[in-house]
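Novice: Supplied in C-alpha cells, the structure appears directly below.
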Amino acid sequence: MNHIFSEKEQQYMLQAIALAHQARYATKPNPNVGCVIVKDDEIVGQGFHPKAGQSHAEVFALAQAGTQATGATAYVTLEPCAHFGKTPPCALALVNAGVAEVIIANLDPNPLVAGKGVEILKQAGIKVRYGLCDEQAKQLNLGFLKAMATGLPYVRLKIASSLDGRTAMASGESKWITGAQARQDVQHLRAISGAVITGIQTVLADDCQLNVRHLTDVEDHQMSQIVQPKRVVLDRQGRLPLNAQILQQPKQTIVMTPFREDLAALGVVQLEPQSLTSLLQTLVKQYQVYDVLVEAGATLATACLDHEVVDELIHYIAPTLLGQTARPMFTAELEQLSAQKRFTICDVTQLGQDIRLTMTPVIEVV
C-alpha cells in the first residue's frame, strides 16, 4: 500500500529518527526506536527507547504528552510492539491514550509483532499509515530487521590496508597502517555491533581486546552505558592462550573450539566448530546478536566473502605502500576475470590521511 505524506509529516518522522539515534550504542539487543506525538501542528511529546528492559519510545512520548495525546498523531520509527515482554505492548498504550493516527516508518518483521501492532491499532479505530522515511529508519536497525526476517545477522567486514592491498608485514607487524581517526572510527563500528568476530591468528599476532574503549560522541563518564559487543574467536585447534587479553572479560567472550575445561572454568562460552553460516545463525538464535563486525586477517575475511555472508565491506585505505612480501587482504586464487568479486560503493569518506570505502557486495543472480 502506497501512502502519501506531507513535507511536515516527513520532518516529524525525521525528528523521531534523530531521537532513536541517541541510544544507538545502548539498546542491544533491542532495536533503536523513536516516537514523536503531534497535536495541532505542535510536538506535545517525544521519546526514545534508551536500553533493553526499560520503557519503549512510545511510553516516554505518551508520558510527556499527557492528556494532549488524545486525538493526536504519533510518529514511530518501528511498528509498535504487540506482545507482553519485559514491558507491556506499546500498541495498547497508544490505544489507551486515545491517539487518532499512528504513522510508522518500518513495519516490524519480528514474528511476535509482524503486523499485529498495526492490527491492534486499526481494530481500535486508529488510522494507520506506514512507509514514511522508511529507508532512513531502516539504517537504525539493519541487524534487527535482517535477523527477524532471515535468522541471520547483518555482517560488516572491516579491513584496513595499504594502497597495494596489504594488511601487515610478512612478520605480522601491523601497528599501525592507518591513522588515529580511522582507528577511532572502528570503535564506533564495534559499539553498534552485538559481536566482533576474529580468527585465532589475529589474537595470537596482536593480542587484541576488540572492545569499545573510547567514542568521540560519548562523554567518558557515559561509557559505562555502552553495551559492549561479545568477542567471538574462531579457534578450531584450541590454541587460544589463557593469558590473552580478549579473555580479561571471559563472560563476554565466545570461543568456537573443541571443548576445553580451562576455558569452561573461566566462564567462557564455547561453541563446537561449525560453518560460518551456522555460527551466525547460532549468534542470532541463542545470543540475540543481530549486528556482527568481522575484524580478522585475510583467511577469515576471504572465507566470509566466499560464503557470501558479508552485507557490508568497510575498507580503510592508508596512503602507503608495503610491498609484495607483505600480507594480502584477500587470499582467494581466482583464475578468470569472471570470478572477480565486485562491490557497489555506497560511501567514500576521508578520515585524516586515510580513506574509508563503504561497499556492498554485488551478488550475481544466476
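Starting from 1 in every chain, residues are counted up; chains themselves are A, B, ... following the order of the C-alpha cells, and ligands are numbered from 1 as listed.
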DSSP on the backbone, then: every residue of segment 11-244 of chain A marked helix (DSSP H, G or I), written as number ranges by chain.
Specialist: A: 11-21, 57-69, 90-97, 116-123, 134-150, 180-191, 200-206, 220-225
Novice: What would the file look like if the residues just selected were written as a compact mmCIF listing (two decimals), in the first residue's frame with C-alpha atoms?
Specialist:
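selection16.txt written:
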# COMPACT_ATOMS: atom_id res chain seq x y z
CA GLN A 11 10.02 16.43 9.34
CA TYR A 12 8.26 14.89 12.34
CA MET A 13 9.42 11.40 11.38
CA LEU A 14 12.99 12.61 10.87
CA GLN A 15 12.82 14.02 14.40
CA ALA A 16 11.72 10.60 15.65
CA ILE A 17 14.65 9.00 13.79
CA ALA A 18 17.06 11.51 15.35
CA LEU A 19 15.71 10.63 18.80
CA ALA A 20 16.16 6.90 18.18
CA HIS A 21 19.74 7.55 17.06
CA ALA A 57 9.83 5.10 22.92
CA GLU A 58 6.03 5.37 22.76
CA VAL A 59 5.71 5.18 26.55
CA PHE A 60 8.12 8.07 27.10
CA ALA A 61 6.43 10.16 24.41
CA LEU A 62 2.93 9.47 25.77
CA ALA A 63 4.01 10.34 29.31
CA GLN A 64 5.31 13.68 28.10
CA ALA A 65 2.18 14.35 26.05
CA GLY A 66 -0.21 13.51 28.90
CA THR A 67 -3.83 14.28 28.08
CA GLN A 68 -2.76 16.05 24.88
CA ALA A 69 -2.18 12.61 23.34
CA CYS A 90 3.09 -0.25 23.01
CA ALA A 91 0.21 -0.67 20.55
CA LEU A 92 -2.18 -0.95 23.52
CA ALA A 93 -0.58 2.08 25.19
CA LEU A 94 -1.33 4.14 22.08
CA VAL A 95 -4.90 2.84 22.02
CA ASN A 96 -5.44 3.64 25.71
CA ALA A 97 -4.03 7.14 25.23
CA LYS A 116 -0.07 -7.43 14.86
CA GLY A 117 0.72 -3.97 16.20
CA VAL A 118 -0.92 -2.37 13.18
CA GLU A 119 -3.92 -4.66 13.55
CA ILE A 120 -4.44 -3.71 17.22
CA LEU A 121 -4.40 -0.03 16.27
CA LYS A 122 -6.80 -0.47 13.36
CA GLN A 123 -9.23 -2.55 15.42
CA ASP A 134 11.43 4.01 5.67
CA GLU A 135 14.95 3.94 4.22
CA GLN A 136 16.31 6.40 6.79
CA ALA A 137 14.65 4.49 9.62
CA LYS A 138 15.94 1.17 8.28
CA GLN A 139 19.51 2.37 8.85
CA LEU A 140 18.78 2.46 12.59
CA ASN A 141 18.17 -1.28 12.76
CA LEU A 142 19.83 -3.07 9.85
CA GLY A 143 20.76 -6.04 12.00
CA PHE A 144 17.48 -6.36 13.90
CA LEU A 145 15.39 -6.15 10.73
CA LYS A 146 17.54 -8.69 8.86
CA ALA A 147 17.73 -11.12 11.78
CA MET A 148 13.98 -11.05 12.39
CA ALA A 149 13.31 -11.67 8.68
CA THR A 150 16.02 -14.24 7.88
CA ALA A 180 44.17 7.58 14.66
CA GLN A 181 40.95 8.84 13.05
CA ALA A 182 40.40 5.60 11.14
CA ARG A 183 41.08 3.55 14.25
CA GLN A 184 38.62 5.68 16.21
CA ASP A 185 36.02 5.08 13.53
CA VAL A 186 36.39 1.34 14.15
CA GLN A 187 35.43 1.96 17.79
CA HIS A 188 32.07 3.20 16.51
CA LEU A 189 31.63 0.03 14.42
CA ARG A 190 32.29 -2.11 17.49
CA ALA A 191 29.87 -0.07 19.57
CA ILE A 200 42.85 -17.16 16.31
CA GLN A 201 45.74 -15.92 14.15
CA THR A 202 44.71 -12.31 14.78
CA VAL A 203 44.54 -12.95 18.53
CA LEU A 204 47.97 -14.64 18.57
CA ALA A 205 49.57 -11.90 16.43
CA ASP A 206 48.00 -8.80 18.02
CA ASP A 220 33.86 9.43 29.21
CA HIS A 221 31.52 9.23 32.22
CA GLN A 222 28.80 7.78 29.97
CA MET A 223 30.97 5.00 28.52
CA SER A 224 29.66 2.55 31.14
CA GLN A 225 26.24 2.74 29.44
Novice: Excluding same-chain residues fewer than 3 positions from Ser174 of chain A, what lies within 12 Å of it counting only C-alpha atoms, as an mmCIF file with N, CA, C and O atoms, in the first residue's frame?
Specialist:
data_model
loop_
_atom_site.group_PDB
_atom_site.id
_atom_site.type_symbol
_atom_site.label_atom_id
_atom_site.label_comp_id
_atom_site.auth_asym_id
_atom_site.auth_seq_id
_atom_site.Cartn_x
_atom_site.Cartn_y
_atom_site.Cartn_z
ATOM 1 N N ALA A 160 41.610 -3.011 6.999
ATOM 2 C CA ALA A 160 42.490 -1.840 6.904
ATOM 3 C C ALA A 160 43.727 -2.257 6.118
ATOM 4 O O ALA A 160 44.373 -3.254 6.447
ATOM 5 N N SER A 161 44.042 -1.511 5.067
ATOM 6 C CA SER A 161 45.156 -1.922 4.214
ATOM 7 C C SER A 161 45.918 -0.727 3.666
ATOM 8 O O SER A 161 45.480 0.428 3.766
ATOM 9 N N SER A 162 47.041 -1.029 3.061
ATOM 10 C CA SER A 162 47.826 -0.046 2.332
ATOM 11 C C SER A 162 47.224 0.144 0.945
ATOM 12 O O SER A 162 46.264 -0.537 0.564
ATOM 13 N N ARG A 166 47.729 -4.430 1.230
ATOM 14 C CA ARG A 166 48.436 -5.239 2.223
ATOM 15 C C ARG A 166 48.000 -4.852 3.633
ATOM 16 O O ARG A 166 47.804 -3.666 3.925
ATOM 17 N N THR A 167 47.856 -5.851 4.499
ATOM 18 C CA THR A 167 47.330 -5.606 5.836
ATOM 19 C C THR A 167 48.362 -5.749 6.947
ATOM 20 O O THR A 167 48.095 -5.381 8.089
ATOM 21 N N ALA A 168 49.524 -6.274 6.634
ATOM 22 C CA ALA A 168 50.587 -6.447 7.630
ATOM 23 C C ALA A 168 51.868 -6.802 6.899
ATOM 24 O O ALA A 168 51.847 -7.285 5.763
ATOM 25 N N MET A 169 52.989 -6.584 7.581
ATOM 26 C CA MET A 169 54.260 -7.002 7.013
ATOM 27 C C MET A 169 54.363 -8.528 7.076
ATOM 28 O O MET A 169 53.569 -9.191 7.750
ATOM 29 N N ALA A 170 55.318 -9.086 6.389
ATOM 30 C CA ALA A 170 55.469 -10.541 6.361
ATOM 31 C C ALA A 170 55.649 -11.112 7.764
ATOM 32 O O ALA A 170 55.223 -12.231 8.059
ATOM 33 N N SER A 171 56.241 -10.324 8.652
ATOM 34 C CA SER A 171 56.469 -10.758 10.041
ATOM 35 C C SER A 171 55.190 -10.753 10.866
ATOM 36 O O SER A 171 55.146 -11.286 11.974
ATOM 37 N N ILE A 177 48.955 0.716 10.390
ATOM 38 C CA ILE A 177 48.918 1.082 8.973
ATOM 39 C C ILE A 177 48.066 2.335 8.792
ATOM 40 O O ILE A 177 48.473 3.283 8.133
ATOM 41 N N THR A 178 46.888 2.338 9.402
ATOM 42 C CA THR A 178 46.008 3.501 9.317
ATOM 43 C C THR A 178 46.226 4.420 10.504
ATOM 44 O O THR A 178 46.821 4.040 11.520
ATOM 45 N N GLY A 179 45.712 5.645 10.398
ATOM 46 C CA GLY A 179 45.907 6.651 11.425
ATOM 47 C C GLY A 179 44.870 6.606 12.531
ATOM 48 O O GLY A 179 43.954 5.778 12.538
ATOM 49 N N THR A 202 44.720 -13.725 14.408
ATOM 50 C CA THR A 202 44.708 -12.307 14.777
ATOM 51 C C THR A 202 44.949 -12.149 16.268
ATOM 52 O O THR A 202 45.696 -11.266 16.704
ATOM 53 N N ALA A 205 48.649 -12.903 16.975
ATOM 54 C CA ALA A 205 49.567 -11.899 16.434
ATOM 55 C C ALA A 205 49.461 -10.560 17.155
ATOM 56 O O ALA A 205 50.473 -9.904 17.428
ATOM 57 N N ASP A 206 48.225 -10.147 17.484
ATOM 58 C CA ASP A 206 48.005 -8.796 18.017
ATOM 59 C C ASP A 206 47.624 -8.751 19.492
ATOM 60 O O ASP A 206 47.641 -7.674 20.087
ATOM 61 N N GLY A 297 42.126 -11.432 9.844
ATOM 62 C CA GLY A 297 43.096 -11.474 8.773
ATOM 63 C C GLY A 297 42.493 -11.964 7.472
ATOM 64 O O GLY A 297 41.275 -12.182 7.354
ATOM 65 N N LEU A 322 53.305 -1.150 1.058
ATOM 66 C CA LEU A 322 54.021 -2.092 1.924
ATOM 67 C C LEU A 322 54.798 -3.151 1.153
ATOM 68 O O LEU A 322 55.584 -3.885 1.746
ATOM 69 N N ALA A 326 54.521 -8.263 1.866
ATOM 70 C CA ALA A 326 53.582 -8.024 2.957
ATOM 71 C C ALA A 326 52.332 -8.881 2.759
ATOM 72 O O ALA A 326 52.052 -9.375 1.672
ATOM 73 N N ARG A 327 51.570 -9.057 3.823
ATOM 74 C CA ARG A 327 50.417 -9.947 3.792
ATOM 75 C C ARG A 327 49.238 -9.307 3.066
ATOM 76 O O ARG A 327 48.910 -8.146 3.307
ATOM 77 N N PRO A 328 48.572 -10.067 2.192
ATOM 78 C CA PRO A 328 47.465 -9.507 1.409
ATOM 79 C C PRO A 328 46.172 -9.446 2.215
ATOM 80 O O PRO A 328 46.008 -10.140 3.216
#
Novice: Name the closest residue to Ala339 of chain A among the candidates A:Ala74, A:Ile363, A:Val102, A:Leu263; distances are taken between atoms, counting only C-alpha atoms.
Specialist: A:Ile363
Novice: Just list the residues in segment 41-155 of chain A DSSP gives strand (DSSP E) on the backbone, as a PyMOL selection string.
Specialist: chain A and resi 42-48+73-78+101-106+127-130+154-155
Novice: Pick from A:Ala301, A:Leu357, A:Leu283, A:Ala26: nearest to Phe330 of chain A, with only C-alpha atoms counted?
Specialist: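 Selected residue with least distance to Phe330 of chain A: A:Ala301.
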Novice: For Val36 of chain A, which of A:Gln10, A:Pro109, A:Leu271, A:Gln281 is the closest residue, counting only C-alpha atoms?
Specialist: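 Checking each candidate against Val36 of chain A, we get A:Gln10 as the closest.
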Novice: Taking 6 positions as the minimum chain separation for residues in the same chain, which residues sit within 7 Å of His49 of chain A when counting only C-alpha atoms? Answer as a PDB file with N, CA, C and O atoms, in the first residue's frame.
Specialist:
ATOM      1  N   ALA A  20      15.767   8.312  18.089  1.00  0.00           N
ATOM      2  CA  ALA A  20      16.164   6.903  18.175  1.00  0.00           C
ATOM      3  C   ALA A  20      17.675   6.754  18.090  1.00  0.00           C
ATOM      4  O   ALA A  20      18.278   5.905  18.761  1.00  0.00           O
ATOM      5  N   ASN A  32      16.584   0.243  17.894  1.00  0.00           N
ATOM      6  CA  ASN A  32      16.545   1.671  18.201  1.00  0.00           C
ATOM      7  C   ASN A  32      15.215   2.226  17.705  1.00  0.00           C
ATOM      8  O   ASN A  32      14.882   2.080  16.525  1.00  0.00           O
ATOM      9  N   VAL A  33      14.455   2.864  18.589  1.00  0.00           N
ATOM     10  CA  VAL A  33      13.129   3.362  18.228  1.00  0.00           C
ATOM     11  C   VAL A  33      12.929   4.758  18.807  1.00  0.00           C
ATOM     12  O   VAL A  33      13.286   5.018  19.959  1.00  0.00           O
ATOM     13  N   GLY A  34      12.340   5.637  17.994  1.00  0.00           N
ATOM     14  CA  GLY A  34      11.973   6.971  18.446  1.00  0.00           C
ATOM     15  C   GLY A  34      10.510   7.229  18.175  1.00  0.00           C
ATOM     16  O   GLY A  34       9.914   6.622  17.275  1.00  0.00           O
ATOM     17  N   SER A  55      11.427   1.246  29.429  1.00  0.00           N
ATOM     18  CA  SER A  55      10.236   1.561  28.639  1.00  0.00           C
ATOM     19  C   SER A  55      10.593   1.858  27.189  1.00  0.00           C
ATOM     20  O   SER A  55      11.700   2.321  26.893  1.00  0.00           O
ATOM     21  N   HIS A  56       9.634   1.605  26.310  1.00  0.00           N
ATOM     22  CA  HIS A  56       9.833   1.856  24.886  1.00  0.00           C
ATOM     23  C   HIS A  56       9.562   3.323  24.563  1.00  0.00           C
ATOM     24  O   HIS A  56       9.039   4.081  25.378  1.00  0.00           O
ATOM     25  N   ALA A  57       9.905   3.699  23.341  1.00  0.00           N
ATOM     26  CA  ALA A  57       9.832   5.097  22.919  1.00  0.00           C
ATOM     27  C   ALA A  57       8.431   5.669  23.077  1.00  0.00           C
ATOM     28  O   ALA A  57       8.238   6.811  23.539  1.00  0.00           O
TER      29      ALA A  57
END
Novice: Work out how far atom CA of Ser338 of chain A is from atom CA of Met359 of chain A, in Å to one decimal.
Specialist: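 Those two atoms sit 19.6 Å apart.
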